[in-house]
Every structure is written in structure tokens, then in C-alpha cells.
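Read the structure below first, then the notes.
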Amino acid sequence: MASFKHPIPFISGKDRYPSGEVHVIVGPMFAGKTSSLLRRIKSEVDNGRNVAMLKSSKDTRYAIDSVVTHDGIRFPCWALQDLMSFQEKYGHDAYRKLDVIGIDEAQFFEDLYEFCCKAADEDGKIVIVAGLDGDYLRKSFGSVLHIIPLADTVTKLTARCELCCKRAFFTLRKTQETQTELIAGSDVYMPVCRYHYVNSEVVTETSKNVLESVKRNNDSLLDVATRF
């Protein structure tokens, strides 16, 4: 007996399904994730789309109300404790007019998966996410890897190993702190290749000696300055 399949209905106009997207940019620290995100966002602005940039309020390294690259390039943003509160804070009417949402330092948002599902699947937004895929122990950091199955595209960036200039895939912590979330810059972290990550005891000891030497020099300069 021949089977009959119902045709998929064509839905047009305001009743059509929203067509959102999720794009994910990952990599170690100092790989240019924020720079890549800002290039994408600025390109969307140049194309006439309405854009909003979000980041975690935990990250106050360079600015409170801006996303800032390690090179000092800035873009105004909303600093939030959680993503799901953004629509209400931004305003429902303004949110409906948004085309693109950028999220920096995404590993700090516990509701990242929930937000991306809603923004892309239900609201039709283009969501561009940048964040660490792994912590200093090379373990999953936050919910960034959880949104890979949602993504239209995934870009894995690499840095340059600070010790040998080869491609760096990992983030090495140079200090003895053990908590997962330790927001800092090059004073605490460095990008390294696999060899130097595996041999990290030698690396961290060298870094410790360098940091102690810098501290001694700074203390000496301060001591000289206070004499005059």
C-alpha cells in the first residue's frame, strides 16, 4: 500500500519560524578571541544590524562597561551577572529590534546554554560567543562546550607559546592558586604549547623566579624613590 506523507507547510511573513544563529569562538588565553568577536560585531554594525555586546560583571580587568582586548581595543557593553536578565534590563521593545548579540568571556555565565537556545531558536537572534573552552587544568570551563551542539559554526583559535613561539593550545597558570575562576592577565597566565604544558613544573618555577626578580627590582626602585 502506498504511503502518503503530509507536505511540510510553508510559513511566510510574520508567522514564519525565526532564523537565528549561534557562532562560537574558543581557544586559550591570548588567542585573540575577543578581537575576533569584536571584528565580527563591527562587521555586523557596518552592515546596518542592531547589535548588543554582553560580558560577565565578574570581569573588571580593563573596564566595567566595555569589552576590551589585550591590545586595548574597546567596545561598549552590558556587564551582567546572568544572561537571562538581559532582555528585561535592555527593554523588551529594544530587544525585539536587536539582530545580533555578542557575548565575551562566556565561560562565566552559568545560563549560557539556556540563553543561546532562547535567543537563537525562539527570538531569531544571531548570537556570537567567545570564551575559554578549557581552564588551566585543561578541563571544561563553564558552559562553553555545552553550546557546541547548538552552534552553526565553531572557531578554535590558537595563541603563540610564550616559551618557544610554537602554536599554543593551552593556558598555563603561573601561580599556586587552585580555584577554577581566577580572573587575571599575563601576570598569572601564559599560553603554551603541549610540550611546555606537560613540563609545566619547570615553566612555573622559571616564571616564579622571574616574578620574584621583578618584585625585588620594583622594591629596590621604590626604596630609592622614598629616599628623595
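Labels for the C-alpha cells follow display order: chains A, B, ..., residues from 1 in each chain, ligands from 1.
Within region 55-116 of chain A, residues classed as strand (DSSP E or B) by DSSP on backbone coordinates are A:Lys55, A:Ser56, A:Ser66, A:Val67, A:Val68, A:Arg74, A:Phe75, A:Pro76, A:Trp78, A:Ala79, A:Leu80, A:Val100, A:Ile101, A:Gly102, A:Ile103, A:Asp104.
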>> When you look at Leu132 (chain A) with a cut-off of 7 Å (counting only C-alpha atoms), what residues show up, excluding the ones that are within fewer than 5 positions of it in the same chain? I need them as a ChimeraX atom specification.
In response: /A:26-28,107,141
>> Can you tell me which residues surround Val24 (chain A) at a distance of at most 10 Å, considering only C-alpha atoms, apart from same-chain residues fewer than 4 positions away, and format the answer as a list in words?
In response: Lys33, Leu37, Ile103, Ala106, Val127, Ile128, Val129, Ala130, Gly131, Val144, Leu145, Ile147, Ile148, Leu150, Ala151, Asp152, Thr153, Val154, Thr155 and Lys156 of chain A
>> List as a PyMOL selection string the protein and nucleic acid residues near Asp121 (chain A), meaning an atom at most 10 Å away when only C-alpha atoms are counted, but skip any in the same chain fewer than 3 places from it.
In response: chain A and resi 17-22+115-118+124-126+150
Selection export as a PDB file, in the first residue's frame, atoms kept: C-alpha atoms:
```pdb
ATOM      1  CA  TYR A  17       9.872  30.380  12.232  1.00  0.00           C
ATOM      2  CA  PRO A  18      12.675  32.645  13.486  1.00  0.00           C
ATOM      3  CA  SER A  19      16.017  32.075  11.823  1.00  0.00           C
ATOM      4  CA  GLY A  20      18.641  32.593  14.496  1.00  0.00           C
ATOM      5  CA  GLU A  21      22.274  31.515  14.540  1.00  0.00           C
ATOM      6  CA  VAL A  22      24.902  30.611  17.121  1.00  0.00           C
ATOM      7  CA  PHE A 115      20.181  31.922  26.805  1.00  0.00           C
ATOM      8  CA  CYS A 116      21.570  30.768  23.452  1.00  0.00           C
ATOM      9  CA  CYS A 117      18.623  28.415  22.963  1.00  0.00           C
ATOM     10  CA  LYS A 118      16.120  31.166  23.618  1.00  0.00           C
ATOM     11  CA  GLY A 124      15.741  34.676  15.910  1.00  0.00           C
ATOM     12  CA  LYS A 125      18.910  36.434  17.076  1.00  0.00           C
ATOM     13  CA  ILE A 126      22.420  35.906  15.770  1.00  0.00           C
ATOM     14  CA  LEU A 150      23.766  24.401  19.237  1.00  0.00           C
TER      15      LEU A 150
END
```
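The space between CA of Tyr95 (chain A) and CA of Leu54 (chain A) spans 13.0 Å.
Here CA of Arg74 (chain A) stands at a distance of 26.1 Å from CA of His92 (chain A).
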> Looking at only C-alpha atoms, which of A:Ser35, A:Glu114, A:Gln81, A:Ile101 is the one that sits closest to Ser57 (chain A)?
Replying inline: A:Gln81
Write out as a tab-separated table the residues of region 22-132 of chain A that have any atom within 9 Å of an atom of region 172-191 of chain A, one row each with the nearest atom pair and its distance in Å to one decimal, counting only C-alpha atoms, sorted by chain and then rising number.
```
residue	atom	partner	partner_atom	distance
A:Pro28	CA	A:Pro191	CA	6.6
A:Met29	CA	A:Pro191	CA	6.2
A:Phe30	CA	A:Pro191	CA	6.6
A:Ala31	CA	A:Pro191	CA	8.0
A:Lys58	CA	A:Ile183	CA	8.0
A:Asp59	CA	A:Ile183	CA	6.8
A:Thr60	CA	A:Ile183	CA	8.7
A:Arg61	CA	A:Ala184	CA	7.1
A:His70	CA	A:Gly185	CA	8.6
A:Phe108	CA	A:Glu181	CA	8.3
```
For the residues in the current selection, export C-alpha atoms as an mmCIF file, in the first residue's frame.
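Writing the result to part05.cif gives the following:
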```cif
data_model
loop_
_atom_site.group_PDB
_atom_site.id
_atom_site.type_symbol
_atom_site.label_atom_id
_atom_site.label_comp_id
_atom_site.auth_asym_id
_atom_site.auth_seq_id
_atom_site.Cartn_x
_atom_site.Cartn_y
_atom_site.Cartn_z
ATOM 1 C CA PRO A 28 43.248 29.558 25.234
ATOM 2 C CA MET A 29 44.013 32.927 26.754
ATOM 3 C CA PHE A 30 45.768 35.436 24.489
ATOM 4 C CA ALA A 31 44.492 33.700 21.345
ATOM 5 C CA LYS A 58 32.967 39.444 37.125
ATOM 6 C CA ASP A 59 35.478 40.678 34.560
ATOM 7 C CA THR A 60 36.609 44.144 35.638
ATOM 8 C CA ARG A 61 40.230 43.874 34.468
ATOM 9 C CA HIS A 70 44.527 42.777 25.471
ATOM 10 C CA PHE A 108 31.473 32.875 33.402
#
```
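Separating CA of Arg167 (chain A) from CA of Val192 (chain A) is a distance of 7.6 Å.
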Could you pull the residues within 7 Å of Val67 (chain A), counting only C-alpha atoms, minus those fewer than 5 positions along the same chain, as a PDB file with N, CA and C atoms, in the first residue's frame?
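Just written: part-v3.pdb:
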```
ATOM      1  N   ARG A  74      38.383  48.795  22.457  1.00  0.00           N
ATOM      2  CA  ARG A  74      37.199  48.789  23.309  1.00  0.00           C
ATOM      3  C   ARG A  74      35.907  48.770  22.499  1.00  0.00           C
ATOM      4  N   PHE A  75      34.867  48.210  23.132  1.00  0.00           N
ATOM      5  CA  PHE A  75      33.521  48.258  22.570  1.00  0.00           C
ATOM      6  C   PHE A  75      32.557  48.293  23.749  1.00  0.00           C
ATOM      7  N   PRO A  76      31.607  49.241  23.764  1.00  0.00           N
ATOM      8  CA  PRO A  76      30.685  49.341  24.908  1.00  0.00           C
ATOM      9  C   PRO A  76      29.848  48.081  25.071  1.00  0.00           C
ATOM     10  N   CYS A  77      29.541  47.746  26.319  1.00  0.00           N
ATOM     11  CA  CYS A  77      28.817  46.501  26.562  1.00  0.00           C
ATOM     12  C   CYS A  77      27.931  46.614  27.798  1.00  0.00           C
TER      13      CYS A  77
END
```
Per-residue DSSP, region 7-228 of chain A, filtered to helix (DSSP H, G or I), as a compact mmCIF listing (two decimals) with N, CA and C atoms, in the first residue's frame:
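Written output follows (part-v7.txt):
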```
# COMPACT_ATOMS: atom_id res chain seq x y z
N GLY A 13 6.07 35.40 6.03
CA GLY A 13 5.70 36.63 6.72
C GLY A 13 6.02 36.58 8.19
N LYS A 14 5.19 37.26 8.96
CA LYS A 14 5.48 37.40 10.39
C LYS A 14 5.29 36.10 11.15
N ASP A 15 4.62 35.08 10.53
CA ASP A 15 4.36 33.82 11.21
C ASP A 15 5.44 32.78 10.97
N LYS A 33 40.52 35.85 20.99
CA LYS A 33 39.08 35.55 20.95
C LYS A 33 38.24 36.82 20.97
N THR A 34 38.58 37.73 21.88
CA THR A 34 37.82 38.99 21.98
C THR A 34 38.02 39.83 20.73
N SER A 35 39.23 39.85 20.20
CA SER A 35 39.49 40.60 18.96
C SER A 35 38.67 40.05 17.81
N SER A 36 38.60 38.73 17.71
CA SER A 36 37.80 38.10 16.66
C SER A 36 36.32 38.42 16.84
N LEU A 37 35.86 38.37 18.08
CA LEU A 37 34.46 38.71 18.37
C LEU A 37 34.15 40.14 17.97
N LEU A 38 35.02 41.07 18.33
CA LEU A 38 34.78 42.48 18.01
C LEU A 38 34.81 42.73 16.50
N ARG A 39 35.67 42.03 15.78
CA ARG A 39 35.66 42.17 14.32
C ARG A 39 34.33 41.72 13.74
N ARG A 40 33.80 40.61 14.26
CA ARG A 40 32.50 40.12 13.78
C ARG A 40 31.39 41.12 14.11
N ILE A 41 31.43 41.64 15.33
CA ILE A 41 30.39 42.57 15.77
C ILE A 41 30.45 43.87 14.96
N LYS A 42 31.65 44.39 14.76
CA LYS A 42 31.79 45.64 13.99
C LYS A 42 31.36 45.44 12.54
N SER A 43 31.60 44.25 12.01
CA SER A 43 31.14 43.95 10.65
C SER A 43 29.62 43.96 10.58
N GLU A 44 28.97 43.42 11.61
CA GLU A 44 27.51 43.43 11.66
C GLU A 44 26.98 44.86 11.76
N VAL A 45 27.66 45.70 12.55
CA VAL A 45 27.27 47.11 12.67
C VAL A 45 27.39 47.80 11.32
N ASP A 46 28.50 47.54 10.62
CA ASP A 46 28.72 48.15 9.31
C ASP A 46 27.66 47.72 8.30
N PHE A 86 19.02 39.85 30.67
CA PHE A 86 19.36 40.90 29.71
C PHE A 86 18.14 41.51 29.05
N GLN A 87 17.20 40.69 28.60
CA GLN A 87 16.05 41.21 27.87
C GLN A 87 15.27 42.23 28.69
N GLU A 88 15.05 41.92 29.95
CA GLU A 88 14.30 42.85 30.81
C GLU A 88 15.09 44.13 31.06
N LYS A 89 16.40 44.00 31.29
CA LYS A 89 17.22 45.18 31.56
C LYS A 89 17.37 46.05 30.31
N TYR A 90 17.47 45.42 29.17
CA TYR A 90 17.65 46.15 27.91
C TYR A 90 16.34 46.80 27.46
N HIS A 92 12.12 45.31 26.52
CA HIS A 92 11.54 44.32 25.61
C HIS A 92 11.42 44.86 24.18
N ASP A 93 11.03 46.12 24.03
CA ASP A 93 10.92 46.69 22.69
C ASP A 93 12.28 46.79 22.02
N ALA A 94 13.28 47.26 22.77
CA ALA A 94 14.63 47.38 22.21
C ALA A 94 15.19 46.00 21.88
N TYR A 95 14.89 45.01 22.72
CA TYR A 95 15.38 43.65 22.49
C TYR A 95 14.80 43.08 21.19
N ARG A 96 13.53 43.34 20.95
CA ARG A 96 12.90 42.82 19.72
C ARG A 96 13.58 43.36 18.47
N LYS A 97 14.14 44.57 18.57
CA LYS A 97 14.79 45.19 17.41
C LYS A 97 16.23 44.73 17.23
N ALA A 106 32.43 34.09 27.89
CA ALA A 106 31.18 33.35 28.08
C ALA A 106 31.28 32.26 29.14
N GLN A 107 32.49 31.84 29.48
CA GLN A 107 32.65 30.76 30.46
C GLN A 107 32.13 31.15 31.84
N PHE A 108 31.93 32.43 32.08
CA PHE A 108 31.47 32.88 33.40
C PHE A 108 29.95 32.88 33.55
N LEU A 112 24.40 30.13 30.04
CA LEU A 112 24.78 30.34 28.64
C LEU A 112 23.96 29.47 27.69
N TYR A 113 23.82 28.19 28.00
CA TYR A 113 23.07 27.28 27.13
C TYR A 113 21.62 27.71 27.02
N GLU A 114 21.01 28.01 28.14
CA GLU A 114 19.60 28.42 28.16
C GLU A 114 19.40 29.70 27.35
N PHE A 115 20.32 30.65 27.52
CA PHE A 115 20.18 31.92 26.81
C PHE A 115 20.34 31.74 25.30
N CYS A 116 21.34 30.97 24.89
CA CYS A 116 21.57 30.77 23.45
C CYS A 116 20.38 30.06 22.80
N CYS A 117 19.81 29.10 23.49
CA CYS A 117 18.62 28.41 22.96
C CYS A 117 17.49 29.41 22.74
N LYS A 118 17.23 30.22 23.73
CA LYS A 118 16.12 31.17 23.62
C LYS A 118 16.40 32.23 22.56
N ALA A 119 17.59 32.82 22.62
CA ALA A 119 17.90 33.93 21.72
C ALA A 119 17.90 33.49 20.26
N ALA A 120 18.48 32.34 19.97
CA ALA A 120 18.59 31.88 18.58
C ALA A 120 17.33 31.14 18.13
N ASP A 121 16.87 30.18 18.92
CA ASP A 121 15.77 29.31 18.50
C ASP A 121 14.41 30.00 18.56
N GLU A 122 14.19 30.79 19.60
CA GLU A 122 12.88 31.40 19.79
C GLU A 122 12.81 32.84 19.31
N LEU A 145 31.50 24.62 26.24
CA LEU A 145 31.46 23.41 25.43
C LEU A 145 30.05 22.84 25.31
N HIS A 146 29.18 23.19 26.24
CA HIS A 146 27.81 22.70 26.20
C HIS A 146 27.03 23.27 25.02
N ILE A 147 27.44 24.44 24.52
CA ILE A 147 26.69 25.06 23.43
C ILE A 147 27.22 24.66 22.05
N ILE A 148 28.26 23.84 22.01
CA ILE A 148 28.79 23.39 20.71
C ILE A 148 27.70 22.69 19.89
N PRO A 149 26.86 21.82 20.49
CA PRO A 149 25.80 21.19 19.69
C PRO A 149 24.77 22.18 19.15
N LEU A 150 24.71 23.39 19.72
CA LEU A 150 23.77 24.40 19.24
C LEU A 150 24.34 25.22 18.09
N ARG A 194 51.83 22.14 23.80
CA ARG A 194 51.63 20.91 24.56
C ARG A 194 52.89 20.53 25.36
N TYR A 195 54.05 20.65 24.72
CA TYR A 195 55.29 20.27 25.40
C TYR A 195 55.49 21.07 26.69
N HIS A 196 55.32 22.38 26.60
CA HIS A 196 55.58 23.20 27.77
C HIS A 196 54.45 23.12 28.79
N TYR A 197 53.26 22.71 28.35
CA TYR A 197 52.21 22.47 29.35
C TYR A 197 52.53 21.21 30.15
N VAL A 198 52.91 20.15 29.44
CA VAL A 198 53.22 18.88 30.11
C VAL A 198 54.41 19.05 31.05
N SER A 200 55.15 21.63 32.81
CA SER A 200 54.79 22.91 33.43
C SER A 200 55.51 23.18 34.74
N GLU A 201 56.00 22.13 35.42
CA GLU A 201 56.71 22.36 36.68
C GLU A 201 57.95 23.22 36.45
N VAL A 202 58.66 22.92 35.38
CA VAL A 202 59.85 23.72 35.05
C VAL A 202 59.44 25.13 34.67
N VAL A 203 58.35 25.23 33.91
CA VAL A 203 57.87 26.53 33.45
C VAL A 203 57.45 27.40 34.62
N THR A 204 56.64 26.84 35.52
CA THR A 204 56.15 27.63 36.65
C THR A 204 57.27 28.04 37.59
N GLU A 205 58.27 27.19 37.74
CA GLU A 205 59.41 27.54 38.59
C GLU A 205 60.18 28.70 37.97
N THR A 206 60.36 28.64 36.65
CA THR A 206 61.04 29.74 35.95
C THR A 206 60.24 31.03 36.07
N SER A 207 58.92 30.92 35.88
CA SER A 207 58.06 32.10 35.99
C SER A 207 58.10 32.68 37.39
N LYS A 208 58.10 31.80 38.38
CA LYS A 208 58.16 32.25 39.77
C LYS A 208 59.44 33.04 40.02
N ASN A 209 60.56 32.54 39.50
CA ASN A 209 61.83 33.23 39.68
C ASN A 209 61.82 34.59 39.00
N VAL A 210 61.22 34.64 37.80
CA VAL A 210 61.14 35.91 37.07
C VAL A 210 60.28 36.91 37.84
N LEU A 211 59.12 36.46 38.33
CA LEU A 211 58.23 37.34 39.07
C LEU A 211 58.89 37.85 40.34
N GLU A 212 59.61 36.97 41.03
CA GLU A 212 60.29 37.39 42.25
C GLU A 212 61.40 38.40 41.93
N SER A 213 62.08 38.20 40.80
CA SER A 213 63.12 39.13 40.39
C SER A 213 62.54 40.50 40.08
N VAL A 214 61.40 40.50 39.37
CA VAL A 214 60.73 41.77 39.05
C VAL A 214 60.29 42.47 40.32
N LYS A 215 59.74 41.70 41.27
CA LYS A 215 59.29 42.29 42.53
C LYS A 215 60.47 42.90 43.29
N ARG A 216 61.60 42.20 43.31
CA ARG A 216 62.77 42.73 44.01
C ARG A 216 63.25 44.03 43.36
N ASN A 217 63.24 44.05 42.03
CA ASN A 217 63.66 45.26 41.33
C ASN A 217 62.72 46.43 41.62
N ASN A 218 61.41 46.13 41.62
CA ASN A 218 60.43 47.18 41.91
C ASN A 218 60.57 47.69 43.34
N ASP A 219 60.81 46.75 44.27
CA ASP A 219 61.00 47.16 45.66
C ASP A 219 62.24 48.03 45.82
N SER A 220 63.29 47.68 45.07
CA SER A 220 64.53 48.46 45.14
C SER A 220 64.32 49.87 44.59
N LEU A 221 63.59 49.96 43.47
CA LEU A 221 63.30 51.27 42.89
C LEU A 221 62.45 52.11 43.83
N LEU A 222 61.47 51.45 44.47
CA LEU A 222 60.61 52.17 45.42
C LEU A 222 61.41 52.65 46.61
N ASP A 223 62.34 51.83 47.07
CA ASP A 223 63.17 52.21 48.21
C ASP A 223 64.05 53.41 47.87
N VAL A 224 64.60 53.41 46.65
CA VAL A 224 65.43 54.54 46.22
C VAL A 224 64.59 55.80 46.11
N ALA A 225 63.36 55.64 45.57
CA ALA A 225 62.50 56.80 45.36
C ALA A 225 62.09 57.44 46.69
N THR A 226 61.88 56.62 47.71
CA THR A 226 61.43 57.15 49.00
C THR A 226 62.54 57.88 49.75
```
